[in-house]
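Undergrad: Starting off with a structure, shown below.
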2 protein chains.
Amino acid sequence: MRLAIVGATGAVGHELLSVLEKSSLKFDELLLYASPRSAGSTLKFKGQDLTVQVTPEGAIPADVILASAGGSVSKALAPAWVAGGATVIDNSSAFRYDDSVPLVIPEVNGEAALKHQGIIANPNCTTAIAAVVVWPLHQRFSVKRMIVSTYQATSGAGAKGMEELETQTHMVLHGKEAQASVFAHPIPFNVIPHIDSFQDNGYTKEEMKVAWETQKIFGDPNLIISCTAVRIPTMRTHSEAITLEFERPATPDEARELLRAAPGVEVRDDPAANLYPMPLTASGKYDVEVGRIRASLAFEGGLELFVSGDQLLKGAALNAVQIAEYLQEKGALKEKALS
Amino acid sequence: MRLAIVGATGAVGHELLSVLEKSSLKFDELLLYASPRSAGSTLKFKGQDLTVQVTPEGAIPADVILASAGGSVSKALAPAWVAGGATVIDNSSAFRYDDSVPLVIPEVNGEAALKHQGIIANPNCTTAIAAVVVWPLHQRFSVKRMIVSTYQATSGAGAKGMEELETQTHMVLHGKEAQASVFAHPIPFNVIPHIDSFQDNGYTKEEMKVAWETQKIFGDPNLIISCTAVRIPTMRTHSEAITLEFERPATPDEARELLRAAPGVEVRDDPAANLYPMPLTASGKYDVEVGRIRASLAFEGGLELFVSGDQLLKGAALNAVQIAEYLQEKGALKEKALS
């Protein structure tokens, strides 16, 4: 099986290489692609130097393509990759709302991946981090209403987002004024309630992604979901405060028990010992941390909880690799692409 | 009228002096008190150097005392100050839940201050910032349910909180490990869902303050309020994502119109121009910024909005001075304290 990464030199590309080194995914060849700016550089994989090539305009000689070069690249090129015989696992939002494209979190709806027609979409990072935790609760108690406030890291804007935070924090600490370039406003010591573009309904696209994608992944278009998405000055892990109303009443103890048994989730919930989810502990971790689980004061039988998940891992690279692993385990990866 | 500040050298004390310089409050004398550690130092007020004295154990020769030296100091000493004839405006949580002590935001329930028995409590910063915005909406649409997620600055822990953020951010940027002292965990580039102590119900006291205090200030013990309080690496302005369910349906346009006319509030809500509340613009400002006003996807006829308010100003010093101004305007400040 030949594997390709498109967007290999970005922040998610970097994590894809690292996740693949530890992955059970079997492949014979790894091809790396990026924009002309990065082409010719080399990246280490299992001790070997792999040369990054320019992403071609047409087909790619790989059976599985992990695409993470942004929506416009995926939109323009993925059809040609599929025509060339590849299965595309796309990290952009280009195809997520296409009815013929499965949107997959393996712990939630892995089987949906088996019905793909060439493209499988990887969810938005904020969605994936919440969904992997809320899904086991939804199965048992049936979520009726979900209210989310996010605390999103600069990594959501890629490596350049993290660089902007680091460089400009230095500047501010030395009394200089920060000039925003990646973000709409200076991010050091600031909070920006604006991620992705504003929609007609006053919500940002990032906020609507959480609603649309969770509904699609859970297979329930009637789920009531509202989100406020906020950028804060952290590096690479998103946190979310989540309030849940259920059809059937839940208790914190039941929730903790369910979540302790849930794949992809680490219950970190011992307030007396100052244990709760935080970017400091969740960064670099595959599991999404959940804690602060308590009976909701807003909804009888509801719950409130706090999650922190590495935006670049479960929110991107890890989930994409897990989709490929799932397909391979199910014998659903065919080596059929052109050479 | 003789005015005293207890806790004059802290972060709120510093702001009290600055707010008083611009205030319409008339007073003949200003006495400054602090702990023995700071006593003897001088602070500037209208160009004059005022010497800070050690807070005495007993009465203070002032008619009005603005107390901001923490709950234990207020709890221990305020009764003696009142016995000495002073009116105490207390910034701590020591007396806020005492039925005989009015808890006051002048824009909301100023008249409650007139019924004081010596002590008037200044609300928690997070409460004050949300309440000044939600109150006009509550009057028109009647809030049924209020769900709050906070983005709280390090100034909530005083000057030492801001110092810890600044010093440790320097350390982290230079590759050194941050050791938390003021906060439970290192704060640079981190998110800590833990402010004040944990209660038996799994909520922190900070979270419960928002519920208890808003109910008391609005005069409605049945208001349903749930809060998640989160410390983030910002300096001095708290932000809050607020979801509101109403008895009577509201529209964003109605809300904006109401809030434009509301005292203490600045509507900053033009997403197309990247205008919304942020610490960067709200810091140092008396008004609380509100924006991102949109029809709630969670509650029909409900609203979602985002606020940013200077924790040290409306969240503390400004509100305290405004209470004193209100009492003076109403002729309710008697010069009766011992000399």
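Order determines the names: the first chain of the structure tokens is A, the second B, and so forth; residues in each chain are numbered 1 upward, and ligands are numbered 1 upward as they are shown.
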Would you list the contacts of Thr234 (chain B) as number ranges by chain, taking every protein, DNA or RNA residue within 10 Å and counting only C-alpha atoms, but skipping same-chain residues closer than 5 positions in sequence?
TA: A: 187-191, 232-233; B: 151-155, 162, 165-166, 187-189, 279-280
Undergrad: Any chance you can output those residues with N, CA and C atoms as a compact mmCIF listing (two decimals), in the first residue's frame?
TA:
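What follows is the written file selection.txt:
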# COMPACT_ATOMS: atom_id res chain seq x y z
N ILE A 187 -2.97 38.65 19.03
CA ILE A 187 -3.41 37.54 19.89
C ILE A 187 -2.73 37.50 21.26
N PRO A 188 -1.50 38.07 21.45
CA PRO A 188 -0.89 37.93 22.78
C PRO A 188 -1.74 38.58 23.87
N PHE A 189 -2.00 37.85 24.92
CA PHE A 189 -2.75 38.35 26.08
C PHE A 189 -4.13 38.89 25.67
N ASN A 190 -4.65 38.39 24.57
CA ASN A 190 -5.95 38.84 24.08
C ASN A 190 -6.87 37.63 23.87
N VAL A 191 -8.12 37.91 23.59
CA VAL A 191 -9.16 36.91 23.35
C VAL A 191 -9.91 37.40 22.11
N ILE A 232 -7.79 32.00 21.80
CA ILE A 232 -7.08 32.50 22.97
C ILE A 232 -5.58 32.26 22.79
N PRO A 233 -4.76 32.93 23.59
CA PRO A 233 -3.30 32.83 23.39
C PRO A 233 -2.68 31.55 23.96
N TYR B 151 -13.76 33.71 30.41
CA TYR B 151 -12.37 33.78 29.95
C TYR B 151 -11.74 34.82 30.85
N GLN B 152 -11.21 34.39 32.01
CA GLN B 152 -10.83 35.33 33.06
C GLN B 152 -9.34 35.62 33.11
N ALA B 153 -9.07 36.89 33.29
CA ALA B 153 -7.68 37.38 33.28
C ALA B 153 -7.00 37.10 34.61
N THR B 154 -5.67 37.17 34.57
CA THR B 154 -4.87 36.92 35.78
C THR B 154 -5.03 38.03 36.82
N SER B 155 -5.51 39.21 36.41
CA SER B 155 -5.74 40.30 37.36
C SER B 155 -6.76 39.90 38.42
N MET B 162 -1.01 38.95 37.76
CA MET B 162 -0.49 39.52 36.50
C MET B 162 1.03 39.36 36.42
N LEU B 165 1.90 35.82 35.42
CA LEU B 165 1.73 35.60 33.97
C LEU B 165 2.91 36.19 33.20
N GLU B 166 3.27 37.42 33.52
CA GLU B 166 4.33 38.09 32.77
C GLU B 166 5.69 37.40 32.97
N ILE B 187 0.33 29.19 34.22
CA ILE B 187 -0.69 29.87 33.42
C ILE B 187 -0.23 30.24 32.01
N PRO B 188 1.09 30.43 31.73
CA PRO B 188 1.43 30.85 30.36
C PRO B 188 1.00 29.82 29.32
N PHE B 189 0.32 30.28 28.29
CA PHE B 189 -0.12 29.43 27.19
C PHE B 189 -0.97 28.25 27.69
N PRO B 279 -10.39 41.81 25.18
CA PRO B 279 -9.58 42.43 26.23
C PRO B 279 -8.73 43.58 25.70
N LEU B 280 -8.22 43.42 24.48
CA LEU B 280 -7.35 44.44 23.89
C LEU B 280 -8.03 45.80 23.84
Undergrad: Please identify every residue of chain A that has at least one atom no more than 8 Å from any atom of chain B, counting only C-alpha atoms, and report them as JSON, numbers by chain.
TA: {"A": [145, 146, 147, 149, 151, 166, 170, 173, 184, 188, 189, 190, 191, 192, 193, 198, 201, 202, 203, 224, 225, 226, 228, 232, 233, 234, 235, 239, 241, 271, 272, 274, 276, 277, 278, 279, 280, 292, 293, 294, 295, 296, 297, 298, 306]}
Undergrad: Do a neighbour search on region 123-128 of chain A at 6 Å with only C-alpha atoms, toss out local chain neighbours closer than 4 positions, and write the hits as a list in words.
TA: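 Contacts, with the query itself left out: Val210, Gln311, Gly315 and Ala316 of chain A.
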Undergrad: Could you please write out, as a PyMOL selection string, every residue of region 212-283 of chain B that DSSP assigns to strand (DSSP E or B)?
TA: chain B and resi 224-228+231+237-246+265-267+270+275
Undergrad: Mind pulling up the distance from CA of Thr55 (chain B) to CA of Arg2 (chain B)?
TA: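 Rounded to one decimal, the two atoms are 15.8 Å apart.
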Undergrad: I'd like to know which residues of region 177-318 of chain A are alpha helix (DSSP H) (by DSSP, run on the backbone); could you write them as a ChimeraX atom specification?
TA: /A:205-218,252-260,279-282,318
